[in-house]
Structures are given as structure tokens and as C-alpha cells.
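One file, my_file.txt, is given below (compact mmCIF, C-alpha atoms and all ligand atoms).
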# COMPACT_ATOMS: atom_id res chain seq x y z
CA MET P 1 0.00 0.00 0.00
CA LYS P 2 1.09 3.56 -0.60
CA LYS P 3 2.42 5.64 2.23
CA ARG P 4 3.45 9.21 2.02
CA PRO P 5 7.19 9.68 2.52
CA VAL P 6 6.68 12.43 5.09
CA LEU P 7 4.74 10.04 7.28
CA TYR P 8 7.46 7.45 7.02
CA ILE P 9 9.88 10.07 8.25
CA ILE P 10 7.58 10.90 11.16
CA TYR P 11 7.21 7.20 12.01
CA ILE P 12 10.94 6.70 11.88
CA LEU P 13 11.64 9.77 14.03
CA LEU P 14 8.98 8.63 16.50
CA ALA P 15 10.44 5.15 16.63
CA VAL P 16 14.02 6.38 16.92
CA PHE P 17 13.06 8.69 19.77
CA LEU P 18 11.18 5.93 21.55
CA VAL P 19 14.00 3.46 21.10
CA GLY P 20 16.31 6.03 22.67
CA CYS P 21 13.98 6.56 25.62
CA ALA P 22 13.34 2.87 26.10
CA LYS P 23 17.04 1.99 25.90
CA ALA P 24 17.93 4.61 28.44
CA GLU P 25 15.37 3.16 30.82
CA SER P 26 16.01 -0.47 30.13
CA ASP P 27 18.54 -2.44 28.18
CA GLN P 28 15.94 -5.12 27.86
CA ALA P 29 13.95 -3.07 25.39
CA LYS P 30 13.10 -5.20 22.42
CA ALA P 31 11.11 -4.56 19.33
CA GLN P 32 7.92 -6.56 19.41
CA SER P 33 6.78 -7.96 16.12
CA VAL P 34 4.02 -6.34 14.15
CA ALA P 35 0.61 -6.71 15.63
CA ASN P 36 -2.97 -6.19 14.75
CA GLU P 37 -6.47 -7.15 15.82
CA PRO P 38 -6.60 -10.57 17.48
CA VAL P 39 -8.12 -12.39 14.51
CA GLN P 40 -5.94 -10.59 12.02
CA LYS P 41 -3.93 -12.86 9.77
CA ALA P 42 -0.23 -12.15 9.97
CA SER P 43 0.10 -12.06 6.19
CA VAL P 44 -1.84 -8.80 5.98
CA LEU P 45 0.79 -7.14 8.08
CA ILE P 46 3.90 -7.95 6.13
CA GLU P 47 4.08 -4.47 4.66
CA THR P 48 4.15 -2.69 8.00
CA PRO P 49 7.33 -0.60 8.07
CA GLU P 50 10.00 -1.53 10.56
CA ALA P 51 9.72 1.85 12.19
CA GLN P 52 6.09 1.27 13.06
CA LYS P 53 6.73 -1.88 14.99
CA PRO P 54 5.77 -1.53 18.64
CA LEU P 55 8.31 -1.44 21.40
CA GLU P 56 8.25 -3.51 24.52
CA ALA P 57 10.04 -1.82 27.37
CA GLU P 58 10.41 -4.89 29.52
CA ARG P 59 10.30 -8.51 28.61
CA THR P 60 7.98 -9.66 31.38
CA ASP P 61 6.60 -12.85 29.85
CA SER P 62 7.82 -15.94 31.60
CA ASP P 63 9.57 -18.27 29.22
CA ALA P 64 8.23 -21.55 30.54
CA PRO P 65 4.56 -21.31 31.50
CA ASP P 66 3.44 -23.19 34.61
CA VAL P 67 0.40 -25.45 34.47
CA GLU P 68 -2.23 -24.80 37.10
CA ASP P 69 -4.53 -27.35 38.77
CA ASP P 70 -7.50 -26.16 36.71
CA GLY P 71 -5.67 -27.08 33.52
CA TYR P 72 -4.81 -23.55 32.49
CA GLN P 73 -1.25 -22.41 32.12
CA THR P 74 -0.06 -19.19 33.62
CA ARG P 75 2.12 -16.42 32.27
CA ILE P 76 3.23 -13.13 33.67
CA ILE P 77 2.25 -10.09 31.62
CA ALA P 78 3.15 -6.61 32.90
CA GLY P 79 3.56 -7.95 36.41
CA GLU P 80 0.23 -9.81 36.50
CA THR P 81 -0.14 -13.56 36.52
CA ILE P 82 -2.44 -14.41 33.63
CA LYS P 83 -4.23 -17.69 33.02
CA TRP P 84 -4.32 -18.84 29.44
CA ASP P 85 -5.29 -21.90 27.44
CA GLY P 86 -2.28 -21.76 25.14
CA PHE P 87 -4.04 -19.44 22.69
CA ARG P 88 -6.28 -17.00 24.52
CA ALA P 89 -6.01 -15.42 27.94
CA ILE P 90 -8.71 -16.50 30.38
CA GLU P 91 -10.71 -13.44 31.37
CA PRO P 92 -10.89 -13.13 35.18
CA LYS P 93 -14.41 -13.45 36.58
CA ASP P 94 -16.08 -10.38 38.05
CA ASP P 95 -19.42 -9.29 39.43
CA TRP P 96 -19.66 -5.88 37.80
CA ASP P 97 -23.13 -4.44 37.31
CA ILE P 98 -22.20 -1.70 34.88
CA TRP P 99 -25.73 -0.26 34.78
CA SER P 100 -25.56 0.78 38.42
CA MET P 101 -22.05 2.22 38.27
CA VAL P 102 -20.75 5.77 38.09
CA LEU P 103 -17.41 7.09 36.83
CA SER P 104 -16.03 7.56 40.34
CA ASP P 105 -16.48 3.82 41.01
CA VAL P 106 -13.63 3.25 38.56
CA GLY P 107 -11.35 6.14 39.44
CA PRO P 108 -10.93 9.92 39.57
CA PHE P 109 -12.24 10.56 36.07
CA PHE P 110 -13.91 13.68 34.65
CA GLU P 111 -14.44 15.04 38.15
CA GLU P 112 -14.79 18.70 37.23
CA GLU P 113 -18.22 19.33 35.77
CA PHE P 114 -19.00 21.77 32.98
CA GLU P 115 -22.26 23.06 31.57
CA VAL P 116 -23.20 20.93 28.56
CA GLU P 117 -26.25 19.81 26.60
CA LYS P 118 -26.72 16.12 25.99
CA SER P 119 -28.89 14.70 23.22
CA SER P 120 -28.98 11.40 21.39
CA TYR P 121 -30.03 9.86 18.11
CA LYS P 122 -30.32 6.34 16.76
CA LEU P 123 -28.48 4.44 14.06
CA MET P 124 -30.11 1.44 12.33
CA GLU P 125 -33.42 2.21 14.02
CA GLY P 126 -35.77 -0.77 14.16
CA GLN P 127 -33.04 -3.22 13.16
CA ILE P 128 -31.37 -5.89 15.26
CA THR P 129 -28.28 -3.67 15.10
CA GLU P 130 -30.05 -0.52 16.38
CA THR P 131 -27.81 1.59 18.57
CA GLU P 132 -27.48 5.11 19.87
CA VAL P 133 -25.07 8.01 19.62
CA LEU P 134 -24.90 10.50 22.48
CA GLN P 135 -23.79 14.04 21.67
CA ILE P 136 -22.30 16.05 24.51
CA HIS P 137 -22.30 19.67 23.37
CA SER P 138 -20.55 22.53 25.11
CA PRO P 139 -21.72 26.12 24.50
CA ASN P 140 -18.02 27.01 24.10
CA PRO P 141 -16.62 26.34 20.64
CA GLY P 142 -13.92 23.69 20.45
CA PRO P 143 -12.80 20.43 18.90
CA LEU P 144 -15.07 17.59 17.86
CA VAL P 145 -14.11 14.11 19.00
CA TYR P 146 -15.99 10.93 18.13
CA ILE P 147 -15.71 7.85 20.38
CA VAL P 148 -16.63 4.39 19.08
CA GLY P 149 -17.04 1.81 21.85
CA ALA P 150 -17.59 -1.94 21.48
CA VAL P 151 -17.31 -2.60 17.78
CA HIS P 152 -16.69 -6.08 19.19
CA GLY P 153 -19.42 -7.03 21.64
CA ASP P 154 -17.30 -9.22 23.90
CA GLU P 155 -14.71 -6.53 24.62
CA ARG P 156 -16.42 -5.35 27.77
CA ALA P 157 -13.91 -2.80 29.02
CA ALA P 158 -14.29 -0.87 25.76
CA TRP P 159 -18.06 -1.01 26.08
CA TYR P 160 -18.14 -0.14 29.80
CA ALA P 161 -15.70 2.75 29.49
CA ALA P 162 -17.69 4.39 26.70
CA LEU P 163 -20.91 3.80 28.63
CA LEU P 164 -19.51 5.48 31.74
CA LEU P 165 -18.11 8.28 29.60
CA LYS P 166 -21.69 9.32 28.83
CA GLN P 167 -21.79 10.71 32.39
CA ALA P 168 -18.89 13.08 31.67
CA SER P 169 -18.93 16.72 30.60
CA ILE P 170 -16.54 18.83 28.52
CA SER P 171 -15.44 22.45 28.75
CA CYS P 172 -15.69 23.13 25.00
CA GLY P 173 -16.46 21.50 21.68
CA ASP P 174 -18.50 18.38 21.01
CA LEU P 175 -18.07 14.79 22.06
CA TYR P 176 -19.96 12.04 20.26
CA ILE P 177 -20.17 8.64 21.94
CA LEU P 178 -21.38 5.64 19.97
CA VAL P 179 -21.78 2.70 22.34
CA PRO P 180 -22.22 -0.18 21.92
CA ALA P 181 -21.34 0.15 18.26
CA ASN P 182 -22.16 -3.54 17.90
CA ALA P 183 -25.28 -3.67 20.08
CA ASN P 184 -26.32 -7.18 19.07
CA GLY P 185 -22.84 -8.52 19.76
CA ALA P 186 -22.79 -6.73 23.12
CA ARG P 187 -26.19 -8.21 24.04
CA ASN P 188 -24.85 -11.68 23.35
CA LEU P 189 -21.29 -10.93 24.53
CA THR P 190 -19.84 -12.02 21.22
CA ARG P 191 -17.35 -10.43 18.88
CA TYR P 192 -19.61 -10.69 15.87
CA VAL P 193 -22.74 -8.83 14.75
CA VAL P 194 -24.57 -12.01 13.68
CA LYS P 195 -23.09 -15.36 12.67
CA ASN P 196 -19.43 -14.66 11.95
CA GLN P 197 -19.89 -11.14 10.56
CA ASP P 198 -17.09 -9.02 11.96
CA LEU P 199 -18.04 -5.33 12.08
CA ASN P 200 -14.38 -4.37 12.19
CA ARG P 201 -13.77 -6.00 8.81
CA SER P 202 -16.91 -4.49 7.25
CA PHE P 203 -16.02 -0.79 6.88
CA PRO P 204 -16.67 1.43 5.00
CA GLY P 205 -19.82 -0.66 4.77
CA GLU P 206 -22.50 -1.33 2.23
CA PRO P 207 -26.14 -0.17 2.51
CA SER P 208 -27.44 -3.35 0.86
CA GLY P 209 -24.89 -5.71 2.41
CA ASP P 210 -25.19 -8.08 5.35
CA GLU P 211 -26.04 -6.88 8.86
CA ALA P 212 -22.44 -5.95 9.70
CA GLU P 213 -21.92 -4.11 6.40
CA GLN P 214 -25.14 -2.14 6.81
CA LEU P 215 -24.18 -1.19 10.35
CA ALA P 216 -20.67 -0.27 9.24
CA TYR P 217 -22.16 1.93 6.53
CA ALA P 218 -24.40 3.73 9.04
CA ILE P 219 -21.48 4.34 11.41
CA PHE P 220 -19.17 5.40 8.61
CA ARG P 221 -21.76 7.85 7.29
CA ASP P 222 -22.33 9.26 10.75
CA ILE P 223 -18.61 9.85 11.29
CA ALA P 224 -18.28 11.34 7.79
CA GLY P 225 -21.13 13.75 8.52
CA LYS P 226 -19.68 14.94 11.82
CA ARG P 227 -16.10 15.41 10.51
CA PRO P 228 -14.40 14.91 13.90
CA GLU P 229 -10.79 15.98 14.40
CA LEU P 230 -10.15 12.58 15.94
CA VAL P 231 -11.88 9.22 16.37
CA LEU P 232 -11.07 7.05 19.38
CA ASP P 233 -11.93 3.42 18.70
CA LEU P 234 -12.07 1.31 21.87
CA HIS P 235 -11.17 -2.40 21.80
CA GLU P 236 -9.67 -5.24 23.80
CA ALA P 237 -7.24 -8.02 22.95
CA ILE P 238 -7.33 -11.59 24.24
CA VAL P 239 -5.05 -13.67 21.99
CA LEU P 240 -1.78 -14.62 23.61
CA THR P 241 0.22 -16.99 21.46
CA GLN P 242 3.58 -17.16 19.78
CA ASP P 243 1.89 -17.45 16.41
CA ARG P 244 0.36 -14.00 16.66
CA ASP P 245 1.51 -10.74 18.06
CA PHE P 246 0.33 -9.69 21.45
CA LEU P 247 -2.01 -6.74 21.14
CA GLY P 248 -2.84 -6.02 24.76
CA SER P 249 -1.92 -2.54 26.02
CA THR P 250 -1.46 -1.17 22.52
CA TYR P 251 -2.46 1.95 20.62
CA ILE P 252 -3.03 1.44 16.89
CA PHE P 253 -2.93 4.02 14.13
CA THR P 254 -2.96 3.95 10.36
CA GLU P 255 -1.95 7.54 9.62
CA LEU P 256 -2.05 10.28 12.21
CA ASP P 257 -2.66 13.32 10.01
CA GLY P 258 -1.90 16.04 12.54
CA MET P 259 -2.30 13.91 15.65
CA GLU P 260 1.34 12.80 15.78
CA ASP P 261 2.15 14.88 18.86
CA LEU P 262 -0.90 13.62 20.72
CA PHE P 263 -0.03 10.01 19.89
CA PHE P 264 3.54 10.48 21.02
CA GLU P 265 2.52 12.21 24.26
CA LEU P 266 0.06 9.40 24.95
CA LEU P 267 2.79 6.77 24.66
CA VAL P 268 5.16 8.79 26.82
CA ALA P 269 2.46 9.27 29.47
CA THR P 270 2.03 5.48 29.77
CA GLU P 271 5.80 4.96 29.74
CA GLU P 272 6.28 7.45 32.56
CA GLY P 273 3.41 5.93 34.53
CA ARG P 274 1.30 9.10 34.45
CA ILE P 275 -1.63 7.23 32.92
CA CYS P 276 -2.68 3.56 32.77
CA HIS P 277 -1.36 0.63 34.80
CA ASN P 278 1.50 -0.24 32.45
CA GLU P 279 3.32 1.01 29.40
CA PHE P 280 1.44 0.83 26.10
CA GLY P 281 3.07 -0.09 22.81
CA PHE P 282 1.97 1.00 19.37
CA THR P 283 1.41 -0.59 16.03
CA GLY P 284 -0.30 -0.11 12.71
CA PRO P 285 -1.83 0.05 10.23
CA GLY P 286 -5.30 -1.14 11.23
CA PRO P 287 -6.54 -4.16 9.27
CA ALA P 288 -8.51 -3.69 6.04
CA GLY P 289 -12.18 -3.11 6.79
CA SER P 290 -11.55 -1.77 10.29
CA VAL P 291 -12.74 1.57 11.65
CA ASN P 292 -9.09 2.52 12.06
CA ALA P 293 -7.98 1.82 8.49
CA GLU P 294 -11.10 2.86 6.57
CA VAL P 295 -12.00 6.05 8.42
CA THR P 296 -8.38 7.17 8.20
CA ARG P 297 -7.92 6.35 4.53
CA ASN P 298 -11.34 7.26 3.14
CA LEU P 299 -12.20 10.25 5.30
CA ARG P 300 -8.69 11.49 6.16
CA ILE P 301 -9.70 11.54 9.82
CA PRO P 302 -7.08 10.14 12.22
CA VAL P 303 -8.20 7.23 14.36
CA ILE P 304 -6.50 5.93 17.48
CA THR P 305 -7.54 2.43 18.49
CA VAL P 306 -7.14 1.58 22.17
CA GLU P 307 -6.51 -2.08 23.02
CA THR P 308 -6.62 -3.15 26.65
CA PHE P 309 -5.86 -6.76 27.61
CA ARG P 310 -8.64 -9.12 28.65
CA GLY P 311 -6.28 -11.18 30.80
CA PHE P 312 -6.31 -8.35 33.38
CA ASP P 313 -9.20 -7.73 35.76
CA ILE P 314 -12.08 -5.63 34.51
CA GLY P 315 -11.37 -2.71 36.85
CA ARG P 316 -7.85 -2.27 35.54
CA ARG P 317 -9.03 -2.46 31.94
CA VAL P 318 -11.87 0.07 32.25
CA TYR P 319 -9.54 2.34 34.23
CA ASP P 320 -6.94 2.28 31.45
CA GLN P 321 -9.57 2.95 28.80
CA LEU P 322 -10.95 5.95 30.71
CA ASP P 323 -7.46 7.19 31.58
CA THR P 324 -6.58 7.19 27.88
CA ILE P 325 -9.79 9.00 26.89
CA GLN P 326 -9.38 11.58 29.63
CA PHE P 327 -5.77 12.21 28.60
CA VAL P 328 -6.80 12.72 24.97
CA LEU P 329 -9.64 15.12 25.82
CA GLU P 330 -7.38 17.09 28.15
CA TYR P 331 -4.70 17.24 25.46
CA MET P 332 -7.27 18.59 23.01
CA GLY P 333 -8.32 21.26 25.50
CA MET P 334 -11.78 19.82 26.07
CA ARG P 335 -11.22 19.29 29.79
ZN ZN P 401 -11.88 -5.48 18.96

Could you rewrite the structure in this file as C-alpha cells?
Amino acid sequence: MKKRPVLYIIYILLAVFLVGCAKAESDQAKAQSVANEPVQKASVLIETPEAQKPLEAERTDSDAPDVEDDGYQTRIIAGETIKWDGFRAIEPKDDWDIWSMVLSDVGPFFEEEFEVEKSSYKLMEGQITETEVLQIHSPNPGPLVYIVGAVHGDERAAWYAALLLKQASISCGDLYILVPANANGARNLTRYVVKNQDLNRSFPGEPSGDEAEQLAYAIFRDIAGKRPELVLDLHEAIVLTQDRDFLGSTYIFTELDGMEDLFFELLVATEEGRICHNEFGFTGPGPAGSVNAEVTRNLRIPVITVETFRGFDIGRRVYDQLDTIQFVLEYMGMR
């Protein structure tokens, strides 16, 4: 695929800077191989430039996994002991009732309140895929940011964080929150829309296509109509195998188109421990048909995909999602 030379230069400078920072902090810094969405085939990613490969500050994985009494193996990821079945992490059980929760149950998020108007509208009304977009509008002019939560219905931290975000306010601009983007998948706690239709391989969508393509089309059109400065696309990763790259704690971009500084500051903030529970890596481009790739390429709107890791407990994951969103909105002057 074509890439503009100037972006290559930015990627390389970004990578060189990060390698320098990581090396200074830890000699164990190693380049992690190219990653993508958990079901992404590795072959799609061959063209990813070297400079875009994510960095791993510390090699924390244990080399020889132990086998537990319940049959699951364990590994250590970012200081946490994770159960896994040799392919996927085993999501820790929890008793969260997200519908009765408020932002402060998760952490000190969006505490200062501003005067805003909130209104909502539906996408795919009357369909199995019907969902809702909330607009949070400040009377003060400012940036427009669009948040897409739960394109995959089983990625609960992405869904929960966007749901809780509806309680927030902003000091200027407009915040659009689409959650759950894949309402039918969220209802059934599955990745797919129906059958094996993957919404994140269905963009930019097709008005007469299958359920996922129609939904993708409606979302794509909505984003195109709003023309946000930035889209944040919230996801989670679960695959943990040597055959595929580990995507947990990763930010993904295709092209950043003016959001390079924000992306860099976000990575540094996780590296310095100012936000999130552990350092986040980065990778790209997003897979063909994803929100990340198609919104970036077709609409020239930068998209940052947030991937938390489903091997961690739900509180940590939702916290890291909200911490990332709050950082971005503060950076853009909306908080
Ligand atoms: Zn996902």
C-alpha cells in the first residue's frame, strides 16, 4: 500500500526517539513484532514498516509457562499472573453491574463538571443492530471528538468505558459517543454482529450488504457527517500466542494526520506511569475493513484504536480505557 514519505519520516523519528527513551530506561527493550487485531492474519501485516513496529520496554513474559490445577497455564504479563489456554487469555471473573455504576467507582475521572447539553439519536433504528449516539455539546466552541465503543461485543472494558463516559462533561467542543457500536454482539457478549460477521472487517460498509456491512455503513456515514478531528476506537485483545503478536496494552494508528504529537505524548504518558497501569506499545496500520484503516484512509480523519488486555481484571481495563480518553480530551483542551 502507498504511504506518504513524510509520514514514514515521522514514524521513523517517533520510533528512533522511543528506542532512545526505552534503551535509556532499560537495556531489555526489544522490538515486538508487528501486531494487529486478534483475529488478524499475519500475512496482511507484512508491509508494516519496521519503524512502526511496537516497542516492549520490559520482557515480562515468563519463558516456561506453569500449568495450574485447573488445567490452564499461567504467564506473567506486565507484572500480573495471567491464566491462558495456550491461545487465549482467560478473562478473570467479576461481578460488575455496569448499569448501576458511576465514573467515580472506577477512578478519579472527569471530576470537574461543565455546563453541557446532551442529546442522542439512533443508528439502524428498528433493526437488530439498532444503537445510539450521544452528543455532549458545550456552548463554548472547540474540537469535535468521536468515540466508538464496542465494535466487538465481547470486549467489555471498551463497552463499559464508553458507557460510563456518557456521564462526563466537557469544557468546550462536542463529544460524540457511539456505544455499543455492535449492540447485538454486546447483548450476546460475542465479537460478531450475527453469525461470523465481523463489524471491524466491514467498513466502509454497504447499505445493501449483510447486517455488519449495513451497520458499518451507518457508522461510517455518521462519522463522515460529523467530521471529527479525531476518532477514538475502543477495543480489547485476548489472543496470547507465539503465532500472533500480542495486542494487549497497545495503541493502533494507520496515519495520524496532525495527531502525531498527541499520539507520542500518549505513549510517553504510559511509559512514565502518568496514565494507565503499564506502558502501552503502538502498532499499525489497522486491518482492512476496520474503523481505524477505513476512516483514516477514506475520510482522512485520524483514528487511534485503544486495546486493553482481557487477561487483566475488569477494573484495571476500564480504568486504562478511561485514563486514555481523559488524557486525549485534556490534550485537546476539552477538559
Ligand atoms: Zn476489537

At most 8 Å from ligand ZN 401 (chain P) (all atoms listed in the file): residue list as a ChimeraX atom specification:
/P:37-38,150-152,155,191,200,234-237,307

Please write the residues from the selection above to a file, keeping C-alpha atoms, as a PDB file, in the frame of the given file.
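Result saved to selection00.pdb:
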ATOM      1  CA  GLU P  37      -6.470  -7.150  15.820  1.00  0.00           C
ATOM      2  CA  PRO P  38      -6.600 -10.570  17.480  1.00  0.00           C
ATOM      3  CA  ALA P 150     -17.590  -1.940  21.480  1.00  0.00           C
ATOM      4  CA  VAL P 151     -17.310  -2.600  17.780  1.00  0.00           C
ATOM      5  CA  HIS P 152     -16.690  -6.080  19.190  1.00  0.00           C
ATOM      6  CA  GLU P 155     -14.710  -6.530  24.620  1.00  0.00           C
ATOM      7  CA  ARG P 191     -17.350 -10.430  18.880  1.00  0.00           C
ATOM      8  CA  ASN P 200     -14.380  -4.370  12.190  1.00  0.00           C
ATOM      9  CA  LEU P 234     -12.070   1.310  21.870  1.00  0.00           C
ATOM     10  CA  HIS P 235     -11.170  -2.400  21.800  1.00  0.00           C
ATOM     11  CA  GLU P 236      -9.670  -5.240  23.800  1.00  0.00           C
ATOM     12  CA  ALA P 237      -7.240  -8.020  22.950  1.00  0.00           C
ATOM     13  CA  GLU P 307      -6.510  -2.080  23.020  1.00  0.00           C
TER      14      GLU P 307
END

Interatomic distance between CA of Pro302 in chain P and CA of Asp257 in chain P?
5.9 Å

Gap from CA of Ser169 in chain P to CA of Ile252 in chain P - Å, one decimal
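Spanning CA of Ser169 in chain P to CA of Ile252 in chain P is a straight-line distance of 26.0 Å.
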
Using CA of Pro143 in chain P and CA of Met124 in chain P as the two end points, give the distance in Å to one decimal.
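Separation between CA of Pro143 in chain P and CA of Met124 in chain P: 26.5 Å.
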
Have a look at P:Ile219, P:Arg187, P:Thr241, P:Met332 and name the one nearest to Met259 in chain P; count all atoms listed in the file.
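Distance minimum relative to Met259 in chain P lands on P:Met332.
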
Write out as JSON lines a residue-level contact list of range 173-198 of chain P versus range 156-166 of chain P with cut-off 9 Å: for each qualifying residue the closest pair of atoms and the distance in Å to one decimal, counting all atoms listed in the file, rows sorted by chain and residue number upward.
{"residue": "P:Ile177", "atom": "CA", "partner": "P:Ala162", "partner_atom": "CA", "distance": 6.8}
{"residue": "P:Leu178", "atom": "CA", "partner": "P:Ala162", "partner_atom": "CA", "distance": 7.8}
{"residue": "P:Val179", "atom": "CA", "partner": "P:Ala162", "partner_atom": "CA", "distance": 6.2}
{"residue": "P:Pro180", "atom": "CA", "partner": "P:Trp159", "partner_atom": "CA", "distance": 5.9}
{"residue": "P:Ala181", "atom": "CA", "partner": "P:Trp159", "partner_atom": "CA", "distance": 8.6}
{"residue": "P:Ala186", "atom": "CA", "partner": "P:Trp159", "partner_atom": "CA", "distance": 8.0}
{"residue": "P:Leu189", "atom": "CA", "partner": "P:Arg156", "partner_atom": "CA", "distance": 8.1}

What lies within 12 Å of Ile325 in chain P using all atoms listed in the file, ignoring chain neighbours under 5 positions off, as a VMD selection string?
chain P and resid 109 to 110 145 to 149 158 161 to 162 164 to 165 168 175 177 230 to 234 251 262 266 275 to 276 304 to 306 318 to 320 330 to 332 334 to 335

Spatial neighbours of range 112-117 of chain P, max dist 8 Å, all atoms listed in the file, sep filter under 4 positions, as a count of residues only
9

Minimum-distance residue to Val295 in chain P, chosen among P:Arg75, P:Arg221, P:Arg316, P:Lys195 (using all atoms listed in the file):
P:Arg221

Can you work out which one of P:Val193, P:Phe280, P:Leu299, P:Glu272 has the shortest atom-to-atom distance to Arg227 in chain P, counting only C-alpha atoms?
P:Leu299

Between P:Arg88, P:Lys226, P:Arg297, P:Arg317, which one has atoms that come closest to Asn278 in chain P, using only C-alpha atoms?
P:Arg317

Have a look at P:Gly315, P:Asn182, P:Asp243, P:Ala269 and name the one nearest to Ile98 in chain P; count all atoms listed in the file.
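Ranking P:Gly315, P:Asn182, P:Asp243, P:Ala269 by distance to Ile98 in chain P, first place goes to P:Gly315.
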
Here is a test: counting all atoms listed in the file, which residue of P:Asn292, P:Ser104, P:Gln167, P:Gln242 is nearest to Lys118 in chain P?
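Using all atoms listed in the file, Lys118 in chain P sits closest to P:Gln167.
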
Could you pull the residues within 10 Å of Gly86 in chain P, counting all atoms listed in the file, minus those fewer than 4 positions along the same chain, as a PDB file with C-alpha atoms, in the coordinates of the input?
ATOM      1  CA  PRO P  65       4.560 -21.310  31.500  1.00  0.00           C
ATOM      2  CA  TYR P  72      -4.810 -23.550  32.490  1.00  0.00           C
ATOM      3  CA  GLN P  73      -1.250 -22.410  32.120  1.00  0.00           C
ATOM      4  CA  THR P  74      -0.060 -19.190  33.620  1.00  0.00           C
ATOM      5  CA  ARG P  75       2.120 -16.420  32.270  1.00  0.00           C
ATOM      6  CA  ILE P  90      -8.710 -16.500  30.380  1.00  0.00           C
ATOM      7  CA  VAL P 239      -5.050 -13.670  21.990  1.00  0.00           C
ATOM      8  CA  LEU P 240      -1.780 -14.620  23.610  1.00  0.00           C
ATOM      9  CA  THR P 241       0.220 -16.990  21.460  1.00  0.00           C
ATOM     10  CA  GLN P 242       3.580 -17.160  19.780  1.00  0.00           C
TER      11      GLN P 242
END
